[in-house]
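S.K.: Structure: target.txt, compact mmCIF, C-alpha atoms.
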```txt
# COMPACT_ATOMS: atom_id res chain seq x y z
CA MET B 1335 -6.39 7.92 25.15
CA ASN B 1336 -9.66 9.45 23.95
CA ILE B 1337 -10.54 9.03 20.27
CA ALA B 1338 -11.20 12.77 20.15
CA GLU B 1339 -7.46 13.35 20.57
CA LEU B 1340 -6.70 11.69 17.23
CA THR B 1341 -6.23 13.88 14.18
CA PHE B 1342 -8.61 12.94 11.37
CA ASP B 1343 -8.20 14.51 7.92
CA GLU B 1344 -10.61 16.98 6.30
CA LYS B 1345 -12.86 14.05 5.29
CA GLY B 1346 -12.93 12.70 8.82
CA LEU B 1347 -10.62 9.78 8.05
CA ILE B 1348 -7.44 8.38 9.54
CA PRO B 1349 -5.14 5.80 7.87
CA ALA B 1350 -5.01 2.42 9.60
CA ILE B 1351 -2.08 0.09 8.96
CA VAL B 1352 -3.20 -3.46 9.71
CA GLN B 1353 -0.41 -5.77 10.82
CA ASP B 1354 -0.36 -9.46 11.78
CA ALA B 1355 0.28 -9.51 15.54
CA THR B 1356 2.33 -12.72 15.31
CA THR B 1357 4.38 -12.44 12.11
CA LYS B 1358 4.41 -8.62 12.01
CA GLU B 1359 3.50 -8.84 8.31
CA VAL B 1360 1.78 -5.68 7.06
CA LEU B 1361 -1.57 -6.95 5.79
CA THR B 1362 -3.26 -3.87 4.39
CA LEU B 1363 -3.67 -0.12 4.56
CA ALA B 1364 -7.26 1.02 5.07
CA TYR B 1365 -9.06 4.03 6.48
CA MET B 1366 -11.24 4.53 9.53
CA ASN B 1367 -13.56 7.30 10.58
CA LYS B 1368 -14.66 7.90 14.15
CA GLU B 1369 -17.62 5.54 13.86
CA SER B 1370 -15.67 2.62 12.37
CA LEU B 1371 -12.94 3.10 14.97
CA GLU B 1372 -15.53 2.98 17.74
CA LYS B 1373 -17.08 -0.16 16.22
CA SER B 1374 -13.64 -1.75 16.01
CA ILE B 1375 -13.02 -1.08 19.69
CA GLU B 1376 -16.48 -2.26 20.74
CA SER B 1377 -16.50 -5.46 18.66
CA GLY B 1378 -12.83 -6.36 18.94
CA GLU B 1379 -12.69 -6.81 15.15
CA THR B 1380 -11.67 -4.41 12.38
CA TRP B 1381 -14.20 -2.04 10.83
CA PHE B 1382 -13.20 0.42 8.13
CA PHE B 1383 -14.65 3.20 6.02
CA SER B 1384 -14.74 2.60 2.27
CA ARG B 1385 -13.78 5.75 0.38
CA SER B 1386 -15.17 4.38 -2.89
CA ARG B 1387 -18.52 3.20 -1.49
CA GLN B 1388 -18.73 5.87 1.19
CA GLU B 1389 -19.86 3.41 3.83
CA LEU B 1390 -18.63 1.40 6.78
CA TRP B 1391 -17.51 -2.19 6.23
CA HIS B 1392 -16.69 -4.99 8.61
CA LYS B 1393 -13.65 -6.98 7.47
CA GLY B 1394 -14.68 -10.61 6.92
CA ALA B 1395 -18.42 -10.00 7.20
CA THR B 1396 -19.04 -11.96 3.99
CA SER B 1397 -15.78 -13.91 3.51
CA GLY B 1398 -15.31 -14.99 7.10
CA ASN B 1399 -11.77 -13.61 7.03
CA THR B 1400 -12.23 -11.48 10.12
CA GLN B 1401 -9.41 -9.79 12.00
CA LYS B 1402 -9.39 -10.05 15.79
CA ILE B 1403 -7.79 -6.95 17.26
CA VAL B 1404 -4.90 -7.56 19.67
CA GLU B 1405 -3.68 -4.00 20.03
CA MET B 1406 -4.07 -0.55 18.49
CA LYS B 1407 -1.36 2.12 18.45
CA PHE B 1408 -1.15 5.70 17.21
CA ASP B 1409 1.89 7.53 15.88
CA CYS B 1410 3.61 10.54 17.45
CA ASP B 1411 1.48 13.00 15.45
CA LYS B 1412 -1.70 11.08 16.32
CA ASP B 1413 -2.76 11.11 12.68
CA ALA B 1414 -2.22 7.41 11.84
CA ILE B 1415 -2.82 4.15 13.67
CA VAL B 1416 -1.42 0.63 13.59
CA VAL B 1417 -3.85 -2.21 14.23
CA LEU B 1418 -2.26 -5.49 15.33
CA VAL B 1419 -4.59 -8.38 14.55
CA GLU B 1420 -5.00 -12.14 14.53
CA PRO B 1421 -6.39 -12.78 11.03
CA ALA B 1422 -8.88 -15.60 10.46
CA GLY B 1423 -7.87 -15.75 6.79
CA PRO B 1424 -6.34 -13.77 3.92
CA ALA B 1425 -6.41 -10.00 4.21
CA CYS B 1426 -6.55 -9.27 0.48
CA HIS B 1427 -9.62 -9.68 -1.72
CA THR B 1428 -7.40 -11.59 -4.16
CA GLY B 1429 -6.96 -14.35 -1.59
CA ALA B 1430 -3.38 -13.34 -0.76
CA VAL B 1431 -2.26 -13.19 2.86
CA SER B 1432 -1.31 -9.53 2.45
CA CYS B 1433 -2.30 -6.79 0.05
CA PHE B 1434 1.43 -6.04 -0.22
CA GLU B 1435 2.55 -9.11 -2.18
CA GLU B 1436 4.15 -7.47 -5.24
CA SER B 1437 7.70 -6.12 -5.00
CA PHE B 1438 8.89 -3.40 -7.38
CA TYR B 1439 12.26 -2.85 -5.71
CA GLU B 1440 14.63 -5.07 -3.74
CA SER B 1441 18.10 -4.17 -2.52
CA GLY B 1442 19.38 -7.66 -3.15
CA GLU B 1443 19.61 -8.31 0.58
CA SER B 1444 15.94 -9.13 1.08
CA SER B 1445 15.26 -12.21 3.20
CA GLY B 1446 11.79 -12.62 1.70
CA SER B 1447 8.35 -11.58 2.81
CA LEU B 1448 7.07 -12.68 6.18
CA SER B 1449 4.07 -14.03 4.31
CA ASP B 1450 6.44 -16.75 3.09
CA TYR B 1451 6.28 -18.13 6.61
CA SER B 1452 2.52 -17.79 7.05
CA ILE B 1453 2.20 -21.37 5.80
CA LEU B 1454 3.22 -22.45 9.30
CA LEU B 1455 0.27 -20.58 10.81
CA SER B 1456 -2.04 -21.92 8.11
CA LEU B 1457 -0.81 -25.45 8.77
CA GLU B 1458 -1.36 -24.99 12.49
CA LYS B 1459 -4.95 -23.99 11.75
CA VAL B 1460 -5.51 -27.06 9.57
CA ILE B 1461 -4.06 -29.35 12.26
CA LYS B 1462 -6.38 -27.80 14.83
CA GLU B 1463 -9.35 -28.43 12.55
CA ARG B 1464 -8.24 -32.03 11.99
CA GLU B 1465 -8.09 -32.60 15.75
CA LYS B 1466 -11.59 -31.23 16.14
CA GLU B 1467 -13.23 -32.93 13.16
CA MET B 1468 -11.08 -36.10 13.01
CA PRO B 1469 -11.83 -36.83 9.33
CA GLU B 1470 -11.51 -40.53 8.51
CA GLY B 1471 -8.44 -41.49 6.52
CA ALA B 1472 -6.44 -38.33 7.31
CA TYR B 1473 -2.88 -38.89 8.54
CA THR B 1474 -3.26 -36.15 11.15
CA THR B 1475 -6.35 -37.94 12.49
CA TYR B 1476 -4.28 -41.13 12.75
CA LEU B 1477 -1.64 -39.35 14.83
CA PHE B 1478 -4.18 -37.89 17.25
CA GLU B 1479 -5.91 -41.26 17.58
CA LYS B 1480 -2.62 -42.97 18.43
CA GLY B 1481 -1.80 -40.31 21.02
CA VAL B 1482 1.22 -38.47 22.34
CA ASP B 1483 3.60 -41.43 22.35
CA LYS B 1484 3.14 -41.97 18.62
CA ILE B 1485 3.52 -38.26 17.92
CA LEU B 1486 6.69 -38.07 20.01
CA LYS B 1487 8.08 -41.09 18.16
CA LYS B 1488 7.45 -39.40 14.80
CA VAL B 1489 9.09 -36.15 15.99
CA GLY B 1490 12.14 -38.17 17.03
CA GLU B 1491 12.25 -40.10 13.76
CA GLU B 1492 11.97 -36.96 11.64
CA ALA B 1493 14.65 -35.19 13.70
CA ALA B 1494 16.96 -38.14 13.05
CA GLU B 1495 16.17 -37.97 9.31
CA VAL B 1496 17.05 -34.27 9.32
CA ILE B 1497 20.39 -35.07 10.96
CA ILE B 1498 21.17 -37.78 8.41
CA ALA B 1499 20.26 -35.57 5.45
CA ALA B 1500 22.39 -32.73 6.81
CA LYS B 1501 25.31 -35.08 7.49
CA ASN B 1502 25.09 -36.31 3.91
CA ARG B 1503 25.04 -32.72 2.60
CA ASP B 1504 21.85 -33.58 0.72
CA LYS B 1505 19.96 -30.29 0.47
CA GLU B 1506 17.08 -31.77 -1.52
CA GLU B 1507 16.49 -34.47 1.07
CA LEU B 1508 17.08 -32.03 3.91
CA LYS B 1509 14.31 -29.65 2.87
CA TRP B 1510 11.79 -32.51 2.71
CA GLU B 1511 12.82 -33.97 6.04
CA ALA B 1512 12.83 -30.51 7.66
CA ALA B 1513 9.28 -29.97 6.38
CA ASP B 1514 8.23 -33.32 7.90
CA LEU B 1515 9.83 -32.35 11.21
CA LEU B 1516 8.05 -29.00 11.31
CA TYR B 1517 4.71 -30.64 10.54
CA HIS B 1518 5.06 -33.25 13.29
CA LEU B 1519 6.29 -30.59 15.73
CA LEU B 1520 3.13 -28.57 15.04
CA VAL B 1521 1.02 -31.69 15.65
CA LEU B 1522 2.82 -32.14 18.98
CA LEU B 1523 2.23 -28.51 19.97
CA ARG B 1524 -1.47 -28.95 19.16
CA GLU B 1525 -1.64 -32.13 21.24
CA GLN B 1526 -0.05 -30.23 24.10
CA ASP B 1527 -2.46 -27.28 23.56
CA LEU B 1528 0.48 -24.91 23.05
CA PRO B 1529 -0.13 -22.26 20.34
CA PHE B 1530 2.72 -21.82 17.88
CA LYS B 1531 2.62 -18.06 18.47
CA GLU B 1532 3.84 -18.66 22.04
CA VAL B 1533 6.94 -20.33 20.62
CA LEU B 1534 7.42 -17.37 18.28
CA SER B 1535 6.98 -15.06 21.27
CA VAL B 1536 9.88 -16.77 23.06
CA LEU B 1537 12.08 -16.34 19.99
CA ASP B 1538 11.06 -12.69 19.76
CA LYS B 1539 11.91 -12.05 23.41
CA ARG B 1540 15.29 -13.73 23.01
CA HIS B 1541 15.99 -11.64 19.92
CA VAL B 1542 15.09 -8.39 21.70
CA LYS B 1543 17.16 -9.33 24.73
CA LYS B 1544 20.20 -10.15 22.59
CA SER B 1545 19.82 -6.87 20.67
CA GLU B 1546 19.87 -4.94 23.94
CA GLU B 1547 23.02 -6.60 25.23
```
Would you write the structure of this file as structure tokens?
M.R.:
Amino acid sequence: MNIAELTFDEKGLIPAIVQDATTKEVLTLAYMNKESLEKSIESGETWFFSRSRQELWHKGATSGNTQKIVEMKFDCDKDAIVVLVEPAGPACHTGAVSCFEESFYESGESSGSLSDYSILLSLEKVIKEREKEMPEGAYTTYLFEKGVDKILKKVGEEAAEVIIAAKNRDKEELKWEAADLLYHLLVLLREQDLPFKEVLSVLDKRHVKKSEE
């Protein structure tokens, strides 16, 4: 589709809903004009137009919290776009993962914000950095130094601990052991060079398939 086919408002702007491509968390609502949209496409990272400063701005230019564009979509009226991104850090200037952190209404059936689960992606990033930098004294460094056999042993041990805690109906112990299992599983995925998002993608595909049955 040609950019010229999009419908910009009287100020030459179009709303852009930025969404995490992996978690589907809505990160922010910003505005683009034709130039910032073109820059976004050319650079592969988000550029917006600031209505208060009346100028273009590149997300993460100063903070380093850039947003790599995975896909861009437009709505049926072609007057709004969704930008799916891989964020390098928090989207909000407050340091929050999303600008939409505060709830003012809940039906009582809410399962929580997807940002609650972003800790897994943040942890994956830290593990990747540990593997690269191998800081002395870090437990993650120790695991990578010992190799896959040690990591597999820890995954097995933590899985057994989860089973024991669940069998004992000990929720307090279970949450700690489950956290240990998830951590060691992420270390294993890193050792195997398998991004966590690929695991999430499998779950997503299974969910979609089951919904269609």
S.K.: For each of B:Gly1490, B:Gly1394, B:Pro1421, B:Gly1471, take the minimum atom-to-atom distance to Leu1515 (chain B), counting only C-alpha atoms, then give the residue where this is smallest.
M.R.: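 For Leu1515 (chain B), the nearest of the candidates is B:Gly1490.
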S.K.: In Å to one decimal, how far is CA of Ala1395 (chain B) from CA of Cys1426 (chain B)?
M.R.: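 Atom-to-atom, CA of Cys1426 (chain B) and CA of Ala1395 (chain B) are spaced 13.7 Å apart.
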S.K.: Go through B:Lys1509, B:His1392, B:Arg1524, B:Lys1368 and flag the residue nearest Glu1465 (chain B), using all atoms listed in the file for the distances.
M.R.: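 With all atoms listed in the file as the atom set, the closest residue is B:Arg1524.
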S.K.: Name the residues in contact with Glu1339 (chain B) at a cut-off of 12 Å, using only C-alpha atoms, excluding same-chain residues fewer than 4 positions from it; report them as a PyMOL selection string.
M.R.: chain B and resi 1335+1368+1408-1414
S.K.: Listed atoms of region 1511-1525 of chain B, axis-aligned box, 5 Å per side: centre and edge lengths to one decimal in Å, as AutoDock Vina command-line options?
M.R.:
```
--center_x 5.6 --center_y -31.2 --center_z 13.6 --size_x 24.5 --size_y 15.5 --size_z 25.2
```
S.K.: Check the smallest atom-to-atom distance from each of B:Leu1363, B:Leu1528, B:Ala1425, B:Cys1433 to Phe1383 (chain B) using all atoms listed in the file, then report the winner.
M.R.: B:Leu1363
S.K.: From the set B:Leu1486, B:Ile1351, B:Val1419, B:Leu1390, which residue has the shortest atom-to-atom contact distance to Leu1520 (chain B), counting only C-alpha atoms?
M.R.: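 Closest to Leu1520 (chain B) of all the choices is B:Leu1486.
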S.K.: Which residue is closest to Lys1462 (chain B)? Choose from B:Glu1525, B:Glu1491, B:Glu1436, B:Asp1343 and count all atoms listed in the file.
M.R.: B:Glu1525
S.K.: In Å, how far is it from CA of Gly1378 (chain B) to CA of Glu1458 (chain B)?
M.R.: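 Spanning CA of Gly1378 (chain B) to CA of Glu1458 (chain B) is a straight-line distance of 22.8 Å.
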S.K.: Calculate how many Å separate CA of Ala1500 (chain B) from CA of Glu1532 (chain B), rounding to one decimal.
M.R.: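 Value for the CA of Ala1500 (chain B)-CA of Glu1532 (chain B) distance: 27.8 Å.
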S.K.: Rank B:Val1460, B:Ile1485, B:Leu1361, B:Leu1519 by their smallest atom-to-atom distance to His1427 (chain B), using all atoms listed in the file, and report the top residue only.
M.R.: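 Among the listed residues, B:Leu1361 lies closest to His1427 (chain B).
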S.K.: List as an mmCIF file with C-alpha atoms, keeping the file's coordinate frame the protein and nucleic acid residues near Asp1354 (chain B), meaning an atom at most 6 Å away when only C-alpha atoms are counted, but skip any in the same chain fewer than 3 places from it.
M.R.:
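File produced: around.cif:
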```cif
data_model
loop_
_atom_site.group_PDB
_atom_site.id
_atom_site.type_symbol
_atom_site.label_atom_id
_atom_site.label_comp_id
_atom_site.auth_asym_id
_atom_site.auth_seq_id
_atom_site.Cartn_x
_atom_site.Cartn_y
_atom_site.Cartn_z
ATOM 1 C CA THR B 1357 4.380 -12.440 12.110
ATOM 2 C CA LYS B 1358 4.410 -8.620 12.010
ATOM 3 C CA GLU B 1359 3.500 -8.840 8.310
ATOM 4 C CA LEU B 1418 -2.260 -5.490 15.330
ATOM 5 C CA VAL B 1419 -4.590 -8.380 14.550
#
```
S.K.: Quick one: residues within 12 Å of Ser1370 (chain B), only C-alpha atoms counted, chain neighbours fewer than 5 positions away excluded, as a PyMOL selection string?
M.R.: chain B and resi 1337+1346-1350+1364-1365+1375-1384+1389-1393
